[in-house]
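So this one's coords-v4.txt, compact mmCIF, C-alpha atoms:
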```
# COMPACT_ATOMS: atom_id res chain seq x y z
CA MET A 8 -18.94 68.59 30.19
CA SER A 9 -16.31 65.92 29.56
CA ASP A 10 -15.68 65.35 33.27
CA LEU A 11 -19.34 64.63 34.03
CA LEU A 12 -20.80 61.17 34.52
CA ARG A 13 -23.43 59.79 32.14
CA THR A 14 -26.40 57.55 32.83
CA PRO A 15 -27.15 54.39 30.80
CA LEU A 16 -29.78 56.40 28.88
CA TYR A 17 -27.36 59.09 27.67
CA ALA A 18 -27.40 57.96 24.02
CA LEU A 19 -31.21 57.78 24.07
CA HIS A 20 -31.43 61.33 25.42
CA LEU A 21 -29.34 62.58 22.49
CA GLU A 22 -31.44 60.57 20.05
CA LEU A 23 -34.57 62.20 21.49
CA GLY A 24 -33.09 65.68 21.01
CA ALA A 25 -32.49 66.49 24.65
CA LYS A 26 -30.71 69.62 25.77
CA MET A 27 -28.08 68.32 28.21
CA VAL A 28 -26.86 70.23 31.26
CA PRO A 29 -24.60 69.54 34.26
CA PHE A 30 -26.56 68.36 37.29
CA ALA A 31 -25.20 66.74 40.49
CA GLY A 32 -22.06 65.58 38.68
CA TYR A 33 -23.96 64.11 35.72
CA GLU A 34 -24.82 65.19 32.20
CA MET A 35 -28.61 65.24 32.35
CA PRO A 36 -31.51 66.25 30.05
CA VAL A 37 -33.11 69.54 31.08
CA GLN A 38 -35.72 69.42 28.30
CA TYR A 39 -36.61 67.76 25.01
CA GLY A 40 -38.28 69.06 21.88
CA LEU A 41 -41.64 69.68 23.53
CA GLY A 42 -40.12 72.24 25.90
CA VAL A 43 -40.57 72.56 29.64
CA MET A 44 -44.14 73.90 29.62
CA LYS A 45 -45.56 71.16 27.38
CA GLU A 46 -43.56 68.44 29.14
CA HIS A 47 -45.04 69.60 32.46
CA GLN A 48 -48.58 69.61 31.07
CA HIS A 49 -48.12 66.22 29.41
CA CYS A 50 -47.06 64.64 32.70
CA ARG A 51 -50.07 66.13 34.49
CA GLY A 52 -52.43 65.01 31.71
CA LYS A 53 -51.01 61.64 30.60
CA ALA A 54 -47.60 60.20 31.53
CA GLY A 55 -43.98 61.32 31.55
CA LEU A 56 -40.79 59.25 31.62
CA PHE A 57 -37.86 60.59 33.64
CA ASP A 58 -34.29 59.35 33.87
CA VAL A 59 -33.35 59.44 37.54
CA SER A 60 -30.39 57.06 37.27
CA HIS A 61 -28.15 59.65 38.92
CA MET A 62 -29.80 58.89 42.26
CA GLY A 63 -28.00 56.54 44.64
CA GLN A 64 -29.38 53.05 45.26
CA VAL A 65 -28.09 51.44 48.46
CA ARG A 66 -28.64 48.11 50.23
CA VAL A 67 -28.34 48.13 54.03
CA ALA A 68 -28.27 44.62 55.48
CA GLY A 69 -27.50 42.79 58.72
CA LYS A 70 -28.31 39.34 60.04
CA SER A 71 -31.98 40.24 59.59
CA TYR A 72 -34.18 43.09 58.38
CA ALA A 73 -34.88 44.02 62.02
CA GLN A 74 -31.17 44.41 62.77
CA ALA A 75 -30.57 46.61 59.74
CA ALA A 76 -33.69 48.68 60.48
CA ALA A 77 -32.72 49.20 64.12
CA ALA A 78 -29.26 50.34 63.06
CA LEU A 79 -30.65 52.86 60.59
CA GLU A 80 -33.05 54.21 63.22
CA THR A 81 -29.99 55.60 65.03
CA LEU A 82 -29.50 57.95 62.05
CA VAL A 83 -33.07 58.91 61.09
CA PRO A 84 -36.19 59.92 63.11
CA VAL A 85 -38.35 57.46 61.16
CA ASP A 86 -40.05 54.16 62.03
CA ILE A 87 -38.11 51.67 59.89
CA ILE A 88 -38.54 48.66 62.20
CA GLY A 89 -42.33 48.89 61.88
CA LEU A 90 -42.33 49.34 58.11
CA GLY A 91 -44.24 46.50 56.47
CA GLU A 92 -42.49 44.18 54.03
CA ASP A 93 -42.50 45.57 50.49
CA ARG A 94 -43.51 49.00 51.77
CA GLN A 95 -41.62 52.29 51.38
CA ARG A 96 -41.35 55.41 53.53
CA TYR A 97 -39.87 58.92 53.21
CA GLY A 98 -37.19 59.91 55.69
CA PHE A 99 -34.08 62.01 56.28
CA PHE A 100 -30.71 61.92 57.99
CA THR A 101 -30.34 64.48 60.76
CA ASN A 102 -27.26 66.06 62.31
CA ASP A 103 -26.52 67.03 65.90
CA ALA A 104 -28.17 70.44 65.41
CA GLY A 105 -31.35 68.81 64.08
CA GLY A 106 -30.53 69.82 60.49
CA ILE A 107 -31.28 67.59 57.53
CA GLY A 108 -28.24 65.86 56.01
CA ASP A 109 -30.23 64.43 53.10
CA ASP A 110 -33.76 63.22 52.41
CA LEU A 111 -34.26 59.69 51.18
CA MET A 112 -36.64 56.82 50.50
CA LEU A 113 -36.48 53.70 52.68
CA SER A 114 -38.09 50.37 51.84
CA ASN A 115 -38.44 46.99 53.56
CA ARG A 116 -37.28 44.33 51.08
CA GLY A 117 -37.68 41.41 53.45
CA ASP A 118 -34.05 40.71 54.30
CA HIS A 119 -32.62 44.24 53.94
CA VAL A 120 -33.45 47.93 53.82
CA SER A 121 -33.27 49.57 50.42
CA VAL A 122 -32.29 53.25 50.54
CA VAL A 123 -32.51 55.72 47.66
CA VAL A 124 -30.49 58.90 48.21
CA ASN A 125 -29.97 62.14 46.31
CA ALA A 126 -27.31 62.20 43.61
CA ALA A 127 -25.35 65.14 45.02
CA CYS A 128 -25.23 63.52 48.47
CA LYS A 129 -24.76 59.84 47.67
CA ALA A 130 -20.99 59.57 48.22
CA ASP A 131 -21.26 61.38 51.55
CA ASP A 132 -24.38 59.43 52.56
CA ILE A 133 -22.76 56.07 51.86
CA ALA A 134 -19.58 57.07 53.71
CA TYR A 135 -21.68 58.32 56.63
CA MET A 136 -23.67 55.10 56.92
CA ARG A 137 -20.52 52.99 56.73
CA SER A 138 -18.81 54.99 59.46
CA ALA A 139 -21.81 55.47 61.75
CA LEU A 140 -23.33 51.97 61.67
CA GLN A 141 -21.89 49.03 63.53
CA ALA A 142 -19.45 46.75 61.72
CA GLU A 143 -21.94 43.91 61.23
CA ILE A 144 -24.18 46.13 59.08
CA GLU A 145 -23.32 46.04 55.37
CA VAL A 146 -23.80 49.22 53.35
CA ILE A 147 -23.59 48.30 49.66
CA GLU A 148 -23.96 50.77 46.81
CA ILE A 149 -26.01 49.11 44.09
CA THR A 150 -24.22 49.55 40.77
CA GLY A 151 -25.15 48.34 37.32
CA ARG A 152 -28.76 49.48 37.58
CA ALA A 153 -30.57 52.47 36.08
CA LEU A 154 -33.56 54.20 37.67
CA LEU A 155 -36.57 55.42 35.68
CA ALA A 156 -39.67 57.26 36.86
CA LEU A 157 -42.98 56.93 35.02
CA GLN A 158 -45.35 59.59 36.34
CA GLY A 159 -48.84 60.82 35.52
CA PRO A 160 -52.49 59.71 35.49
CA SER A 161 -51.84 57.24 32.65
CA ALA A 162 -48.78 55.67 34.34
CA GLU A 163 -50.64 52.63 35.68
CA ALA A 164 -52.32 51.85 32.38
CA VAL A 165 -49.04 52.23 30.49
CA LEU A 166 -46.97 50.08 32.84
CA ALA A 167 -49.74 47.46 33.02
CA THR A 168 -49.24 46.79 29.29
CA LEU A 169 -45.85 45.32 30.28
CA ASN A 170 -47.06 43.60 33.45
CA PRO A 171 -50.70 43.78 34.66
CA SER A 172 -49.67 43.04 38.27
CA VAL A 173 -48.66 46.67 38.80
CA ARG A 174 -52.37 47.55 38.98
CA ASP A 175 -52.47 45.82 42.37
CA MET A 176 -49.79 48.09 43.86
CA ALA A 177 -50.90 50.93 46.15
CA PHE A 178 -49.05 54.15 46.92
CA MET A 179 -45.68 53.36 48.56
CA ASP A 180 -45.83 49.65 47.72
CA VAL A 181 -42.60 48.05 46.45
CA ALA A 182 -42.39 44.90 44.32
CA THR A 183 -40.04 42.89 42.11
CA VAL A 184 -41.69 42.89 38.69
CA ASP A 185 -40.72 41.55 35.26
CA LEU A 186 -40.92 44.40 32.74
CA ASN A 187 -39.95 43.89 29.11
CA GLY A 188 -37.89 40.84 30.11
CA ALA A 189 -35.99 42.62 32.89
CA GLU A 190 -36.21 41.96 36.63
CA CYS A 191 -37.17 45.37 38.00
CA TRP A 192 -37.58 46.73 41.51
CA VAL A 193 -40.67 48.91 41.30
CA SER A 194 -42.13 51.35 43.82
CA ARG A 195 -45.43 53.17 43.41
CA SER A 196 -44.12 56.60 44.29
CA GLY A 197 -42.59 59.66 42.69
CA TYR A 198 -41.72 63.31 42.80
CA THR A 199 -44.46 65.02 40.79
CA GLY A 200 -47.59 64.82 42.96
CA GLU A 201 -49.04 62.43 40.38
CA ASP A 202 -49.59 58.70 40.57
CA GLY A 203 -46.58 56.90 39.20
CA PHE A 204 -43.78 54.40 39.56
CA GLU A 205 -40.03 54.40 40.07
CA ILE A 206 -38.31 51.50 38.34
CA SER A 207 -34.83 50.15 39.10
CA VAL A 208 -33.70 48.13 36.07
CA PRO A 209 -30.40 46.46 35.06
CA GLU A 210 -28.54 49.15 33.12
CA ALA A 211 -28.01 46.96 30.03
CA MET A 212 -31.79 46.59 29.72
CA ALA A 213 -32.71 50.17 30.60
CA PRO A 214 -32.69 51.64 27.04
CA ASP A 215 -34.99 48.91 25.74
CA LEU A 216 -37.38 49.37 28.66
CA ALA A 217 -37.39 53.13 28.15
CA ARG A 218 -38.12 52.66 24.44
CA ALA A 219 -40.95 50.25 25.22
CA LEU A 220 -42.55 52.83 27.54
CA LEU A 221 -41.97 55.73 25.12
CA ALA A 222 -43.63 53.72 22.34
CA HIS A 223 -46.95 54.20 24.12
CA ASP A 224 -48.95 57.14 22.75
CA ASP A 225 -49.49 58.56 26.25
CA VAL A 226 -45.79 58.76 27.18
CA GLU A 227 -43.27 61.55 26.52
CA ALA A 228 -39.72 61.97 27.81
CA ILE A 229 -39.51 64.66 30.50
CA GLY A 230 -36.41 66.60 31.57
CA LEU A 231 -35.17 68.27 34.73
CA GLY A 232 -36.93 71.56 33.95
CA ALA A 233 -40.44 70.10 34.12
CA ARG A 234 -39.41 67.80 36.96
CA ASP A 235 -38.65 70.92 38.99
CA SER A 236 -41.91 72.73 38.15
CA LEU A 237 -43.94 69.57 38.82
CA ARG A 238 -42.41 68.99 42.25
CA LEU A 239 -42.78 72.69 43.12
CA GLU A 240 -46.51 72.61 42.33
CA GLY A 241 -46.64 69.44 44.44
CA GLY A 242 -45.09 71.28 47.41
CA LEU A 243 -42.15 68.83 47.46
CA CYS A 244 -38.73 69.84 48.75
CA LEU A 245 -35.52 69.90 46.72
CA TYR A 246 -32.52 69.03 48.86
CA GLY A 247 -29.90 71.78 48.98
CA HIS A 248 -32.54 74.41 48.27
CA ASP A 249 -35.68 73.97 50.43
CA ILE A 250 -33.97 71.76 53.02
CA ASP A 251 -30.34 71.43 54.08
CA THR A 252 -28.05 70.88 57.06
CA GLY A 253 -29.21 74.16 58.61
CA THR A 254 -32.92 73.33 58.36
CA THR A 255 -34.76 71.12 60.86
CA PRO A 256 -37.75 68.90 59.96
CA VAL A 257 -39.96 71.12 62.14
CA GLU A 258 -38.94 74.28 60.30
CA ALA A 259 -39.38 72.45 56.99
CA ALA A 260 -42.94 71.31 57.89
CA LEU A 261 -41.85 67.67 57.53
CA THR A 262 -42.88 66.39 60.96
CA TRP A 263 -45.55 64.24 59.24
CA ALA A 264 -42.62 61.97 58.34
CA ILE A 265 -41.75 61.37 62.01
CA GLN A 266 -44.02 58.57 63.17
CA LYS A 267 -45.60 58.51 66.65
CA VAL A 268 -43.31 55.70 67.84
CA ARG A 269 -40.25 57.95 67.28
CA ARG A 270 -41.76 61.05 68.93
CA ALA A 271 -41.75 62.06 72.59
CA GLY A 272 -43.63 59.40 74.56
CA GLY A 273 -43.25 56.83 71.78
CA ALA A 274 -41.72 53.40 72.34
CA ARG A 275 -38.56 54.34 70.38
CA ALA A 276 -38.51 58.10 70.88
CA GLY A 277 -35.24 59.88 70.14
CA GLY A 278 -32.00 58.01 69.68
CA TYR A 279 -31.00 59.84 66.49
CA PRO A 280 -28.77 62.91 65.94
CA GLY A 281 -30.42 66.17 66.97
CA ALA A 282 -33.31 64.43 68.72
CA ASP A 283 -33.37 66.91 71.62
CA VAL A 284 -33.49 69.91 69.26
CA ILE A 285 -36.29 68.40 67.19
CA LYS A 286 -38.23 67.29 70.28
CA LYS A 287 -38.09 70.83 71.71
CA GLN A 288 -39.20 72.41 68.44
CA MET A 289 -42.06 69.92 68.08
CA SER A 290 -43.22 70.85 71.58
CA GLU A 291 -42.61 74.59 71.56
CA GLY A 292 -42.57 75.45 67.85
CA ALA A 293 -39.76 76.69 65.62
CA ALA A 294 -38.85 80.32 64.97
CA ARG A 295 -39.47 79.95 61.24
CA LYS A 296 -41.53 77.73 58.96
CA ARG A 297 -41.55 76.58 55.34
CA VAL A 298 -44.70 77.84 53.61
CA GLY A 299 -46.26 78.04 50.19
CA LEU A 300 -46.30 81.49 48.59
CA ILE A 301 -48.33 82.90 45.72
CA PRO A 302 -46.89 86.09 44.18
CA GLU A 303 -49.35 88.69 42.97
CA GLY A 304 -49.34 89.15 39.19
CA ARG A 305 -47.53 87.12 36.53
CA ALA A 306 -43.89 87.65 37.48
CA PRO A 307 -42.32 84.61 39.21
CA MET A 308 -40.20 85.13 42.31
CA ARG A 309 -37.31 82.70 42.47
CA GLU A 310 -34.85 81.29 44.97
CA GLY A 311 -33.00 83.90 47.02
CA VAL A 312 -35.67 86.63 46.99
CA GLN A 313 -35.77 88.25 50.43
CA LEU A 314 -39.14 88.45 52.18
CA PHE A 315 -40.36 91.29 54.41
CA ALA A 316 -43.35 91.80 56.72
CA ASP A 317 -44.45 94.97 54.89
CA GLU A 318 -43.43 97.38 52.14
CA THR A 319 -41.15 99.49 54.34
CA ALA A 320 -39.56 97.01 56.78
CA THR A 321 -35.75 96.98 56.71
CA ASP A 322 -35.15 93.55 58.23
CA PRO A 323 -36.16 90.46 56.21
CA ILE A 324 -38.40 87.84 57.84
CA GLY A 325 -37.36 85.08 55.47
CA HIS A 326 -36.54 84.18 51.89
CA ILE A 327 -37.76 82.13 48.93
CA THR A 328 -36.09 78.76 48.41
CA SER A 329 -37.89 77.64 45.22
CA GLY A 330 -40.05 79.59 42.82
CA GLY A 331 -41.28 79.72 39.25
CA PHE A 332 -44.36 79.62 37.06
CA GLY A 333 -46.86 76.84 37.78
CA PRO A 334 -48.15 75.64 34.39
CA THR A 335 -51.00 73.62 35.94
CA VAL A 336 -52.29 76.39 38.19
CA GLY A 337 -51.59 79.11 35.64
CA HIS A 338 -49.72 81.54 37.87
CA PRO A 339 -46.41 81.90 39.73
CA VAL A 340 -45.83 79.79 42.83
CA ALA A 341 -43.03 79.63 45.36
CA MET A 342 -42.04 78.18 48.68
CA GLY A 343 -39.74 79.53 51.33
CA TYR A 344 -39.20 80.30 54.98
CA VAL A 345 -40.87 83.04 56.99
CA ALA A 346 -40.92 83.90 60.68
CA ALA A 347 -43.49 81.76 62.49
CA ALA A 348 -45.57 84.83 63.31
CA GLN A 349 -45.97 85.50 59.58
CA SER A 350 -46.70 81.90 58.53
CA ALA A 351 -50.50 81.79 58.77
CA LYS A 352 -52.37 80.95 55.57
CA GLY A 353 -53.63 84.15 53.92
CA ASN A 354 -50.97 86.37 55.47
CA VAL A 355 -49.38 88.81 53.02
CA VAL A 356 -45.62 89.28 52.90
CA TYR A 357 -43.46 91.23 50.48
CA GLY A 358 -40.67 90.07 48.22
CA GLU A 359 -37.98 92.42 46.98
CA LEU A 360 -37.71 92.07 43.22
CA ARG A 361 -35.61 94.46 41.12
CA GLY A 362 -35.74 97.10 43.84
CA LYS A 363 -39.50 96.90 44.38
CA ARG A 364 -41.53 95.31 47.15
CA LEU A 365 -44.23 93.09 45.67
CA PRO A 366 -46.87 91.15 47.65
CA LEU A 367 -47.08 87.38 48.11
CA THR A 368 -49.83 85.50 49.93
CA VAL A 369 -48.97 82.62 52.25
CA SER A 370 -50.67 79.53 50.83
CA ALA A 371 -51.27 75.92 51.74
CA MET A 372 -49.34 73.30 49.77
CA PRO A 373 -49.54 71.45 47.47
CA PHE A 374 -50.60 74.07 44.94
CA THR A 375 -52.27 71.38 42.83
CA PRO A 376 -53.96 68.35 44.44
CA ALA A 377 -51.95 65.14 44.77
CA ASN A 378 -53.22 62.21 42.72
CA PHE A 379 -51.55 59.30 44.50
CA LYS A 380 -53.29 55.90 44.51
CA ARG A 381 -54.05 55.35 48.19
```
Write out the structure in this file as structure tokens.
Amino acid sequence: MSDLLRTPLYALHLELGAKMVPFAGYEMPVQYGLGVMKEHQHCRGKAGLFDVSHMGQVRVAGKSYAQAAAALETLVPVDIIGLGEDRQRYGFFTNDAGGIGDDLMLSNRGDHVSVVVNAACKADDIAYMRSALQAEIEVIEITGRALLALQGPSAEAVLATLNPSVRDMAFMDVATVDLNGAECWVSRSGYTGEDGFEISVPEAMAPDLARALLAHDDVEAIGLGARDSLRLEGGLCLYGHDIDTGTTPVEAALTWAIQKVRRAGGARAGGYPGADVIKKQMSEGAARKRVGLIPEGRAPMREGVQLFADETATDPIGHITSGGFGPTVGHPVAMGYVAAAQSAKGNVVYGELRGKRLPLTVSAMPFTPANFKR
């Protein structure tokens, strides 16, 4: 793994006994001594600390926030102009076919838009923004900062020991907060379905902040394995698996992220790549839809499993994009795409596993209730 990048917490991961694996060009911890199952359960019950420093942090700025926001609205079907100061919103780049180029987090930091992008896409995303936005818009990759995520029902209490002001933050708030002597950019958000915070911290101060959080009895280090099972139970998409350039927001059941002002009839409807495709699908429906799936029995069905309408059908109606065992719910869970006619909750479809057709029931998501602080 000598050609892989390392985050500022690499030495700490080794000290904590992490098993390191390649992920999105980085050497990342997949699990620690507790193991994936216990790490997952600890995050659901108390609090878990994740290293997400591989994600891209980007500053998009113009002469004003409004100028930068208006420019970005030409690339995403999201209301960025109307986003309140120190508030954050989920969004995605779209292409001319309505597909999703990447999903991202956007926040109003007063004089600029802060954008957090996926690790595997960040070089392409930054190049895309620089080429697609007008010359007076600056697109600056933020370097020299690590990114931590503290997630779980104890996250607020733990972080408040370093700065009590975090108790006043609501879900999707963003603030500049002093933590352990470091100026941190903190959002109350995350990727587990639990309450929690994402913390951008100067990289030189990241190990000490991580140690201060891990010193709390309620906090354990959590790797990529549990991060994946937590987000799957939360019904959250993984880019490159559940969503990609060939998947539209309508197919992916992500139209909740397209605000009324950007929809047909809204004051700033359209004006982004693929708008006509997405508008038509929002009006008429898409041919397929992302759904939750619960396999019968104890055997998980994972990404790539073909789905069929019945036990004898020869043509698949879809496929699984993410699947595994859900430690919180105590049974296998999955998500994937099925033909719209087969997407109703309670409908039974069949997955082909080791030459056998086994039933799955279409389910609502998330599989476990979200615990965000609204």
Which of A:Ser329, A:Thr199, A:Ser60, A:Ser9 sits closest to A:Ile149 [using all atoms listed in the file]: A:Ser60
Distance query A:Ser121 at most 10 Å, only C-alpha atoms, self and fewer than 6 positions along chain excluded, as a PyMOL selection string: chain A and resi 64-68+95+112-115+146-147+149
If you count all atoms listed in the file, which residues fall within 12 Å of A:Glu205, apart from same-chain ones fewer than 3 positions away, as an mmCIF file with C-alpha atoms, in the coordinates of the input?
```
data_model
loop_
_atom_site.group_PDB
_atom_site.id
_atom_site.type_symbol
_atom_site.label_atom_id
_atom_site.label_comp_id
_atom_site.auth_asym_id
_atom_site.auth_seq_id
_atom_site.Cartn_x
_atom_site.Cartn_y
_atom_site.Cartn_z
ATOM 1 C CA GLY A 55 -43.980 61.320 31.550
ATOM 2 C CA LEU A 56 -40.790 59.250 31.620
ATOM 3 C CA PHE A 57 -37.860 60.590 33.640
ATOM 4 C CA ASP A 58 -34.290 59.350 33.870
ATOM 5 C CA VAL A 59 -33.350 59.440 37.540
ATOM 6 C CA SER A 60 -30.390 57.060 37.270
ATOM 7 C CA MET A 62 -29.800 58.890 42.260
ATOM 8 C CA GLN A 64 -29.380 53.050 45.260
ATOM 9 C CA GLN A 95 -41.620 52.290 51.380
ATOM 10 C CA MET A 112 -36.640 56.820 50.500
ATOM 11 C CA VAL A 123 -32.510 55.720 47.660
ATOM 12 C CA ALA A 153 -30.570 52.470 36.080
ATOM 13 C CA LEU A 154 -33.560 54.200 37.670
ATOM 14 C CA LEU A 155 -36.570 55.420 35.680
ATOM 15 C CA ALA A 156 -39.670 57.260 36.860
ATOM 16 C CA LEU A 157 -42.980 56.930 35.020
ATOM 17 C CA GLN A 158 -45.350 59.590 36.340
ATOM 18 C CA GLY A 159 -48.840 60.820 35.520
ATOM 19 C CA ALA A 162 -48.780 55.670 34.340
ATOM 20 C CA GLU A 163 -50.640 52.630 35.680
ATOM 21 C CA LEU A 166 -46.970 50.080 32.840
ATOM 22 C CA VAL A 173 -48.660 46.670 38.800
ATOM 23 C CA PHE A 178 -49.050 54.150 46.920
ATOM 24 C CA MET A 179 -45.680 53.360 48.560
ATOM 25 C CA ASP A 180 -45.830 49.650 47.720
ATOM 26 C CA VAL A 181 -42.600 48.050 46.450
ATOM 27 C CA ALA A 182 -42.390 44.900 44.320
ATOM 28 C CA THR A 183 -40.040 42.890 42.110
ATOM 29 C CA VAL A 184 -41.690 42.890 38.690
ATOM 30 C CA CYS A 191 -37.170 45.370 38.000
ATOM 31 C CA TRP A 192 -37.580 46.730 41.510
ATOM 32 C CA VAL A 193 -40.670 48.910 41.300
ATOM 33 C CA SER A 194 -42.130 51.350 43.820
ATOM 34 C CA ARG A 195 -45.430 53.170 43.410
ATOM 35 C CA SER A 196 -44.120 56.600 44.290
ATOM 36 C CA GLY A 197 -42.590 59.660 42.690
ATOM 37 C CA TYR A 198 -41.720 63.310 42.800
ATOM 38 C CA THR A 199 -44.460 65.020 40.790
ATOM 39 C CA ASP A 202 -49.590 58.700 40.570
ATOM 40 C CA VAL A 208 -33.700 48.130 36.070
#
```
Distance in Å - atom CA of A:Ala274 versus atom CA of A:Ile87: 13.1 Å
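Going from atom CA of A:Thr150 over to atom CA of A:Leu12, you cover 13.6 Å.
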Local residues around (-30.8, 81.5, 44.3), at most 10 Å away, using only C-alpha atoms, as a PyMOL selection string: chain A and resi 248+309-312+326-330
Selection near A:Pro280, 9 Å with only C-alpha atoms, sequence-local residues under 6 positions removed, as a ChimeraX atom specification: /A:81-84,100-106
Counting all atoms listed in the file, the option among A:Leu216, A:Leu19, A:Val85, A:Ala75 closest to A:Gly278: A:Val85
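Among the candidate residues A:Arg269, A:His338, A:Lys286, A:His49, the one lying nearest to A:Leu300 is A:His338, with distances computed using only C-alpha atoms.
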Residue nearest A:Cys244 - candidates A:Ile301, A:Cys128, A:Ala341, A:Ile133, atoms counted: only C-alpha atoms: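 Distance minimum relative to A:Cys244 lands on A:Ala341.
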Within 8 Å of A:Leu16 using all atoms listed in the file, minus same-chain residues under 2 positions, as a ChimeraX atom specification: /A:13-14,18-20,58,213-214
Residue with smallest distance to A:His47 - pool A:Gln266, A:Thr335, A:Asn187, A:Ser138, counting only C-alpha atoms: A:Thr335
Top pick for closest residue to A:Gly253, considering A:Gly281, A:Asp86, A:Leu239, A:Gly200 and counting only C-alpha atoms: A:Gly281
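Here atom CA of A:Ala306 is placed at a distance of 19.7 Å from atom CA of A:Gly241.
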With 6 Å added on each side, what axis-aligned box encloses every listed atom of stretch 245-254 of chain A? Give the centre and edge lengths in Å to one decimal, as lines of an AutoDock Vina configuration file.
```
center_x = -31.9
center_y = 71.7
center_z = 52.7
size_x = 19.6
size_y = 17.4
size_z = 23.9
```
